[in-house]
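File shown here: data_17.txt, holding compact mmCIF, C-alpha atoms.
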```
# COMPACT_ATOMS: atom_id res chain seq x y z
CA MET A 1405 -7.87 17.70 -7.46
CA LEU A 1406 -6.39 16.60 -4.14
CA HIS A 1407 -2.72 17.36 -4.59
CA ASN A 1408 -0.33 18.84 -2.07
CA SER A 1409 1.54 20.97 -4.62
CA GLU A 1410 -1.62 23.07 -5.04
CA PRO A 1411 -3.89 24.74 -2.46
CA PRO A 1412 -5.01 21.79 -0.29
CA LEU A 1413 -8.17 19.99 -1.33
CA THR A 1414 -9.39 22.42 -3.94
CA GLY A 1415 -12.50 21.61 -5.93
CA GLY A 1416 -13.98 19.19 -3.42
CA SER A 1417 -16.45 19.16 -0.57
CA GLN A 1418 -16.28 18.03 3.03
CA SER A 1419 -18.72 15.22 3.82
CA GLN A 1420 -20.95 14.82 6.83
CA PRO A 1421 -19.32 12.93 9.72
CA ASN A 1422 -22.06 10.29 9.67
CA GLU A 1423 -21.48 9.32 6.04
CA ALA A 1424 -20.43 5.69 6.46
CA PHE A 1425 -20.36 2.41 4.56
CA GLN A 1426 -22.59 -0.57 5.14
CA GLY A 1427 -20.71 -3.07 7.28
CA ALA A 1428 -17.99 -0.52 8.07
CA ALA A 1429 -19.82 1.94 10.29
CA GLN A 1430 -16.73 3.63 11.72
CA THR A 1431 -15.14 4.35 8.32
CA ALA A 1432 -16.40 7.69 7.03
CA VAL A 1433 -15.81 9.87 3.98
CA GLU A 1434 -14.00 12.92 5.29
CA TYR A 1435 -13.60 14.65 1.94
CA ASP A 1436 -14.69 14.10 -1.65
CA PHE A 1437 -12.31 15.55 -4.25
CA GLY A 1438 -14.07 14.47 -7.43
CA ARG A 1439 -12.03 11.50 -8.60
CA GLY A 1440 -11.62 10.14 -5.11
CA GLN A 1441 -12.45 10.30 -1.42
CA VAL A 1442 -10.43 10.68 1.75
CA LEU A 1443 -11.58 7.99 4.19
CA ARG A 1444 -10.89 7.83 7.91
CA TYR A 1445 -11.60 5.10 10.42
CA THR A 1446 -12.04 6.31 13.98
CA PRO A 1447 -11.85 3.64 16.70
CA PRO A 1448 -14.16 3.77 19.72
CA GLU A 1449 -11.01 3.74 21.83
CA THR A 1450 -7.44 4.53 20.78
CA ARG A 1451 -4.67 2.52 22.42
CA LEU A 1452 -1.44 4.00 23.75
CA ASP A 1453 1.87 3.71 21.92
CA ASP A 1454 4.04 0.91 23.34
CA VAL A 1455 7.07 3.21 23.71
CA THR A 1456 5.90 6.80 24.10
CA GLY A 1457 2.79 6.10 26.19
CA GLU A 1458 0.91 8.68 24.12
CA PRO A 1459 -2.11 7.88 21.91
CA VAL A 1460 -0.81 5.84 18.96
CA ILE A 1461 -0.33 7.76 15.73
CA PRO A 1462 -2.69 7.05 12.78
CA LEU A 1463 -2.03 4.41 10.14
CA LEU A 1464 -1.92 5.49 6.48
CA TYR A 1465 -3.05 2.61 4.26
CA PHE A 1466 -2.10 2.31 0.58
CA GLN A 1467 -4.35 -0.19 -1.23
CA GLY A 1468 -3.47 -2.50 -4.10
CA VAL A 1469 -5.01 -2.90 -7.57
CA ASN A 1470 -8.82 -2.67 -7.69
CA GLY A 1471 -9.19 -2.35 -3.93
CA ASP A 1472 -11.63 0.55 -3.82
CA ASP A 1473 -14.79 -1.50 -3.15
CA SER A 1474 -13.30 -3.29 -0.16
CA LEU A 1475 -11.19 -0.40 1.21
CA PRO A 1476 -13.67 0.73 3.92
CA HIS A 1477 -13.85 -2.82 5.30
CA VAL A 1478 -10.07 -3.29 5.23
CA MET A 1479 -9.58 0.02 7.06
CA GLU A 1480 -12.20 -1.01 9.60
CA ALA A 1481 -10.46 -4.34 10.22
CA LEU A 1482 -7.07 -2.66 10.61
CA GLY A 1483 -8.38 -0.01 12.97
CA GLU A 1484 -10.50 -2.34 15.09
CA ARG A 1485 -7.72 -4.87 15.59
CA ASP A 1486 -5.01 -2.33 16.36
CA LYS A 1487 -7.24 0.26 18.10
CA ARG A 1488 -5.94 3.17 16.07
CA PRO A 1489 -7.18 5.69 13.46
CA VAL A 1490 -6.69 4.66 9.82
CA VAL A 1491 -6.56 6.95 6.76
CA GLY A 1492 -6.95 5.86 3.13
CA ILE A 1493 -7.78 7.13 -0.36
CA ARG A 1494 -10.66 5.56 -2.30
CA TYR A 1495 -10.63 6.39 -6.02
CA THR A 1496 -14.07 6.71 -7.58
CA GLY A 1497 -13.39 8.63 -10.79
CA LYS A 1498 -11.40 7.82 -13.90
CA LEU A 1499 -7.66 7.37 -13.52
CA GLN A 1500 -5.32 9.38 -15.68
CA LEU A 1501 -2.25 7.88 -17.32
CA THR A 1502 0.78 9.91 -18.29
CA ALA A 1503 3.29 7.27 -17.25
CA LYS A 1504 6.78 7.06 -18.65
CA PRO A 1505 7.06 4.45 -21.42
CA ILE A 1506 8.31 1.02 -20.45
CA PRO A 1507 12.03 0.72 -21.29
CA PRO A 1508 12.57 -1.56 -24.30
CA THR A 1509 15.29 -3.72 -22.74
CA HIS A 1510 15.84 -5.50 -19.47
CA GLU A 1511 19.16 -3.67 -19.07
CA ASP A 1512 17.46 -0.27 -19.25
CA TYR A 1513 14.87 -1.47 -16.78
CA ASP A 1514 17.59 -2.37 -14.28
CA GLU A 1515 19.75 0.72 -14.70
CA LYS A 1516 17.29 3.50 -13.94
CA SER A 1517 14.22 4.16 -11.89
CA VAL A 1518 10.87 4.17 -13.64
CA ILE A 1519 8.18 6.03 -11.72
CA PRO A 1520 4.77 6.12 -13.41
CA GLU A 1521 3.10 9.51 -13.10
CA ILE A 1522 -0.02 7.95 -11.61
CA GLU A 1523 2.03 6.86 -8.58
CA ILE A 1524 3.38 10.39 -8.08
CA GLU A 1525 -0.19 11.67 -8.19
CA HIS A 1526 -1.39 9.09 -5.66
CA THR A 1527 1.57 9.93 -3.41
CA ASP A 1528 0.62 13.59 -3.36
CA ASP A 1529 -3.02 12.68 -2.67
CA ALA A 1530 -2.04 10.65 0.39
CA LEU A 1531 0.24 13.35 1.80
CA ALA A 1532 -2.37 16.03 1.17
CA ALA A 1533 -4.93 13.89 3.01
CA LEU A 1534 -2.65 13.77 6.07
CA ASP A 1535 -2.27 17.56 5.93
CA PHE A 1536 -6.03 18.05 5.61
CA LEU A 1537 -6.70 15.82 8.63
CA GLY A 1538 -3.97 17.50 10.67
CA VAL A 1539 -1.85 14.34 10.94
CA GLU A 1540 1.81 15.30 11.44
CA LYS A 1541 3.20 11.76 11.55
CA SER A 1542 1.79 8.32 10.75
CA ASP A 1543 2.81 4.74 10.24
CA ALA A 1544 2.32 3.42 6.70
CA LEU A 1545 1.01 0.10 5.43
CA ALA A 1546 0.86 -0.94 1.78
CA SER A 1547 -0.46 -3.86 -0.23
CA SER A 1548 1.23 -4.79 -3.54
CA LYS A 1549 0.90 -1.78 -5.88
CA GLY A 1550 0.28 0.45 -2.87
CA GLY A 1551 3.94 0.05 -1.99
CA LEU A 1552 4.87 2.35 -4.88
CA PRO A 1553 3.24 5.56 -3.52
CA MET A 1554 4.20 4.47 0.02
CA LEU A 1555 7.93 4.54 -0.88
CA LEU A 1556 7.54 7.81 -2.76
CA ALA A 1557 5.75 9.36 0.22
CA ALA A 1558 8.54 8.25 2.56
CA ARG A 1559 11.12 9.81 0.25
CA LYS A 1560 9.24 13.06 -0.28
CA ARG A 1561 8.13 13.57 3.31
CA PRO A 1562 10.18 11.33 5.63
CA ASP A 1563 9.08 13.50 8.55
CA ALA A 1564 5.50 12.32 7.97
CA ILE A 1565 6.22 8.56 8.06
CA ARG A 1566 7.59 6.74 11.13
CA ASN A 1567 7.45 3.03 10.24
CA ALA A 1568 6.48 1.48 6.90
CA TYR A 1569 5.49 -2.08 6.07
CA ALA A 1570 4.70 -3.24 2.52
CA ASP A 1571 3.34 -6.69 1.69
CA ASP A 1572 4.32 -8.19 -1.69
CA ILE A 1573 5.42 -4.78 -2.92
CA ALA A 1574 5.62 -4.07 -6.64
CA GLY A 1575 8.49 -2.29 -8.36
CA ILE A 1576 11.51 -3.56 -6.44
CA ASN A 1577 12.41 -6.96 -7.90
CA ASN A 1578 14.67 -7.49 -10.90
CA ARG A 1579 12.01 -8.82 -13.23
CA SER A 1580 11.42 -7.14 -16.59
CA PRO A 1581 7.93 -5.76 -17.42
CA ARG A 1582 7.24 -8.77 -19.65
CA GLN A 1583 8.29 -11.17 -16.91
CA THR A 1584 6.14 -9.29 -14.41
CA TYR A 1585 3.08 -9.75 -16.63
CA ILE A 1586 3.82 -13.47 -16.95
CA ASP A 1587 4.23 -13.73 -13.18
CA ALA A 1588 0.88 -11.99 -12.66
CA LEU A 1589 -0.85 -14.44 -15.01
CA ARG A 1590 0.76 -17.36 -13.18
CA LEU A 1591 -0.41 -15.94 -9.89
CA ALA A 1592 -4.00 -15.56 -11.12
CA GLY A 1593 -4.01 -19.12 -12.48
CA HIS A 1594 -2.56 -20.50 -9.25
CA ARG A 1595 -5.24 -18.75 -7.19
CA LYS A 1596 -7.98 -20.15 -9.40
CA VAL A 1597 -6.68 -23.72 -9.17
CA GLN A 1598 -6.26 -23.51 -5.38
CA LYS A 1599 -9.83 -22.23 -5.04
CA ILE A 1600 -11.24 -25.01 -7.24
CA LEU A 1601 -9.34 -27.62 -5.23
CA GLY A 1602 -10.51 -26.08 -1.96
CA ARG A 1603 -6.96 -25.39 -0.84
CA SER A 1604 -7.08 -21.61 -0.59
CA ALA A 1605 -5.83 -20.47 2.80
CA VAL A 1606 -7.23 -16.97 2.44
CA GLN A 1607 -9.75 -16.08 5.16
CA PRO A 1608 -11.74 -12.98 4.07
CA ILE A 1609 -12.60 -10.43 6.74
CA VAL A 1610 -16.24 -10.36 7.81
CA GLY A 1611 -18.44 -8.10 5.67
CA SER A 1612 -15.95 -7.60 2.85
CA ILE A 1613 -16.92 -7.84 -0.78
CA PRO A 1614 -15.66 -11.11 -2.36
CA ARG A 1615 -13.04 -10.61 -5.08
CA SER A 1616 -15.35 -12.30 -7.61
CA GLN A 1617 -18.04 -9.67 -6.97
CA ARG A 1618 -15.81 -6.63 -7.23
CA SER A 1619 -15.71 -4.70 -10.45
CA PRO A 1620 -13.06 -2.15 -11.44
CA ARG A 1621 -14.15 1.37 -12.30
CA SER A 1622 -13.48 0.33 -15.88
CA LEU A 1623 -11.30 -2.12 -17.78
CA ARG A 1624 -9.27 0.90 -18.86
CA ASP A 1625 -8.51 1.81 -15.23
CA LEU A 1626 -7.59 -1.76 -14.38
CA ARG A 1627 -5.21 -1.76 -17.34
CA ILE A 1628 -3.65 1.51 -16.10
CA GLU A 1629 -2.99 0.04 -12.66
CA GLN A 1630 -1.54 -3.16 -14.10
CA LYS A 1631 0.70 -1.22 -16.48
CA SER A 1632 1.97 0.88 -13.60
CA VAL A 1633 2.87 -2.26 -11.63
CA ALA A 1634 4.70 -3.77 -14.59
CA ALA A 1635 6.61 -0.61 -15.51
CA ALA A 1636 7.61 0.67 -12.08
CA ASN A 1637 11.20 0.29 -10.85
CA LEU A 1638 11.67 1.85 -7.43
CA ARG A 1639 14.67 -0.12 -6.21
CA ASN A 1640 16.82 3.00 -6.00
CA VAL A 1641 14.02 4.86 -4.22
CA LEU A 1642 13.87 2.07 -1.65
CA LEU A 1643 17.64 2.29 -1.14
CA GLU A 1644 17.48 6.07 -0.81
CA VAL A 1645 14.74 5.95 1.82
CA GLY A 1646 16.46 3.17 3.74
CA ALA A 1647 19.90 4.78 3.72
CA ASN A 1648 19.08 8.46 4.09
CA THR A 1649 15.96 8.74 6.25
CA ASN A 1650 14.86 7.60 9.70
CA VAL A 1651 11.89 5.70 8.27
CA GLN A 1652 12.02 2.07 9.41
CA ILE A 1653 11.03 -0.26 6.55
CA ARG A 1654 10.03 -3.91 6.39
CA ILE A 1655 8.90 -5.81 3.31
CA GLY A 1656 6.72 -8.90 3.55
CA SER A 1657 6.71 -11.67 0.95
CA ASP A 1658 4.41 -14.68 0.87
CA LYS A 1659 6.36 -17.87 0.27
CA GLY A 1660 3.63 -19.21 -2.03
CA ASP A 1661 3.25 -16.05 -4.12
CA ARG A 1662 4.05 -16.99 -7.72
CA GLY A 1663 3.87 -13.40 -8.98
CA PHE A 1664 6.21 -11.66 -6.53
CA ARG A 1665 8.64 -14.38 -5.51
CA THR A 1666 10.61 -14.07 -2.29
CA GLU A 1667 13.86 -15.16 -3.91
CA ASP A 1668 13.58 -12.39 -6.54
CA VAL A 1669 12.97 -9.73 -3.89
CA ARG A 1670 15.84 -10.97 -1.72
CA GLU A 1671 18.26 -10.97 -4.67
CA SER A 1672 17.13 -7.51 -5.73
CA LEU A 1673 17.72 -6.07 -2.25
CA LYS A 1674 21.22 -7.54 -2.21
CA GLN A 1675 22.12 -6.24 -5.67
CA ASN A 1676 21.80 -2.57 -4.76
CA GLY A 1677 22.63 -2.83 -1.07
CA ALA A 1678 19.14 -2.10 0.23
CA ASP A 1679 19.28 -5.25 2.36
CA ARG A 1680 21.47 -3.30 4.81
CA TYR A 1681 18.56 -1.01 5.63
CA VAL A 1682 15.40 -2.94 4.79
CA GLN A 1683 14.22 -6.09 6.53
CA LEU A 1684 12.64 -8.79 4.36
CA VAL A 1685 10.07 -10.92 6.19
CA GLU A 1686 8.79 -14.13 4.59
CA ASN A 1687 5.28 -15.13 5.61
CA ASP A 1688 2.67 -17.74 4.81
CA LYS A 1689 -0.63 -15.90 4.66
CA GLY A 1690 -2.04 -17.84 1.71
CA GLY A 1691 -2.23 -15.13 -0.93
CA HIS A 1692 -0.79 -12.03 -2.56
CA GLY A 1693 -0.85 -8.70 -0.78
CA ILE A 1694 -3.16 -7.76 2.07
CA GLY A 1695 -6.57 -6.98 0.61
CA THR A 1696 -9.38 -8.60 2.57
CA ASN A 1697 -7.21 -11.52 3.78
CA SER A 1698 -7.74 -11.65 7.55
CA LEU A 1699 -4.48 -13.52 8.14
CA ALA A 1700 -2.55 -10.97 6.07
CA ILE A 1701 -4.04 -8.11 8.09
CA ASP A 1702 -3.01 -9.75 11.37
CA ASN A 1703 0.48 -10.39 10.03
CA ALA A 1704 0.90 -6.80 8.84
CA LEU A 1705 -0.23 -5.39 12.18
CA LYS A 1706 2.20 -7.71 13.96
CA GLN A 1707 5.09 -6.34 11.91
CA LEU A 1708 4.07 -2.74 12.56
CA ARG A 1709 3.73 -3.41 16.29
CA GLU A 1710 7.21 -4.94 16.41
CA MET A 1711 8.64 -1.86 14.68
CA GLU A 1712 6.76 0.37 17.11
CA ARG A 1713 8.48 -1.40 20.00
CA THR A 1714 11.95 -1.12 18.42
CA PRO A 1715 12.32 2.48 17.19
CA ALA A 1716 14.84 3.06 14.40
CA ARG A 1717 18.14 4.72 15.25
CA SER A 1718 18.70 8.16 13.82
CA LYS A 1719 20.79 8.22 10.62
CA LYS A 1720 21.34 11.95 10.73
```

As structure tokens, what does this structure read like?
Amino acid sequence: MLHNSEPPLTGGSQSQPNEAFQGAAQTAVEYDFGRGQVLRYTPPETRLDDVTGEPVIPLLYFQGVNGDDSLPHVMEALGERDKRPVVGIRYTGKLQLTAKPIPPTHEDYDEKSVIPEIEIEHTDDALAALDFLGVEKSDALASSKGGLPMLLAARKRPDAIRNAYADDIAGINNRSPRQTYIDALRLAGHRKVQKILGRSAVQPIVGSIPRSQRSPRSLRDLRIEQKSVAAANLRNVLLEVGANTNVQIRIGSDKGDRGFRTEDVRESLKQNGADRYVQLVENDKGGHGIGTNSLAIDNALKQLREMERTPARSKK
């Protein structure tokens, strides 16, 4: 298991540097730890940081639900466009679920944090990957569900994360689990209708696997990921990171996203005071999350570059 509370990277094997993916030649498997792989994209040339003038720090990418097939291509697109190394975790084995039960009432859901165990595990995997690769500090980028381990990583190891941007992040609005499921169904239906009508604005990156051709590791694993999204409540974690660490955070929200509505996120940030520390950015990228959406990738990199040029003030 790859887990930073144990001896680093036990039970796995380091892969050959030339082990790459078709259509993503610069994204290689650095380590295989049984149920997953540590991937790293290495650019032909690394740009300099806009402020420090030193080589830019790596980008740690947290993928969304069922993003394993396309992850190498997304990392390649991110790294090529921003001329920086990119690190990610690709899960290939069965997921384990020991998540806390979903609170029975909306009131309970609002009053306390709910952190599914699978997100804690994925957080530790990501931090252990940085340690294994010798990365002392990185920027972080997350798509949808990936925002959960991203926030947990920033709370657990704020020294390891400089700037963090999450697009359509799960777990921070004030919707109940049941409402979240309904929103997800509405979002899926909306996508289907827009595609049939030829109105989808999503522009897939070259070489990526179309969503219709991707298959989850199993229906059970897909269910686990969806349950984690519905159950998670990390609003207090977001507030804690924003108020007590030097991690600069922005959250993106697509104005046409029916599942994670901008107005819900904005209201949620105001309710617990996180809006004082976290910037909400509305965008129009044509779909939920980042995934293989070329426009979403460009938008996310733009936000990270802006944060790079305006370093956060120390809160200590």

Compare A:Arg1717, A:Arg1439, A:Lys1560, A:Lys1487 by their minimum atom-to-atom distance to A:Asp1472, counting only C-alpha atoms, and give me the closest one.
-> A:Arg1439

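Neighbouring residues of stretch 1640-1646 of chain A at 9 Å or closer, counting all atoms listed in the file and skipping chain neighbours under 2 positions away, are A:Lys1516, A:Ser1517, A:Leu1555, A:Leu1556, A:Ala1558, A:Arg1559, A:Pro1562, A:Ile1576, A:Asn1637, A:Leu1638, A:Asn1648, A:Thr1649, A:Asn1650, A:Val1651, A:Gln1652, A:Ile1653, A:Leu1673, A:Asn1676, A:Gly1677, A:Ala1678, A:Asp1679, A:Arg1680, A:Tyr1681, A:Val1682.
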
Taking (7.4, -9.9, -5.9) in the file's coordinates as the center, which residues reach within 8 Å of it, counting all atoms listed in the file, put as a list in words?
-> Asp1572, Ile1573, Ala1574, Ile1576, Asn1577, Ser1657, Asp1661, Gly1663, Phe1664, Arg1665, Thr1666, Asp1668 and Val1669 of chain A

Which residue out of A:Asp1528, A:Asp1571, A:Glu1484, A:Glu1712 has the minimum interatomic distance to A:Ala1700 when all atoms listed in the file are used?
->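 The answer is A:Asp1571, which sits nearest to A:Ala1700.
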
Interatomic distance, atom CA of A:Gln1707 to atom CA of A:Tyr1569 (Å, one decimal) |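 If I compute the distance from atom CA of A:Gln1707 to atom CA of A:Tyr1569, I get 7.2 Å.
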
Could you tell me which of A:Ile1701, A:Leu1623, A:Ala1634, A:Leu1443 comes closest to A:Arg1582 if we count only C-alpha atoms?
->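 Checking each candidate against A:Arg1582, we get A:Ala1634 as the closest.
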
Hey, can you check how far atom CA of A:Asp1453 sits from atom CA of A:Ala1704?
-> 16.8 Å

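What separates atom CA of A:Asp1486 from atom CA of A:Phe1437 is a distance of 28.2 Å.
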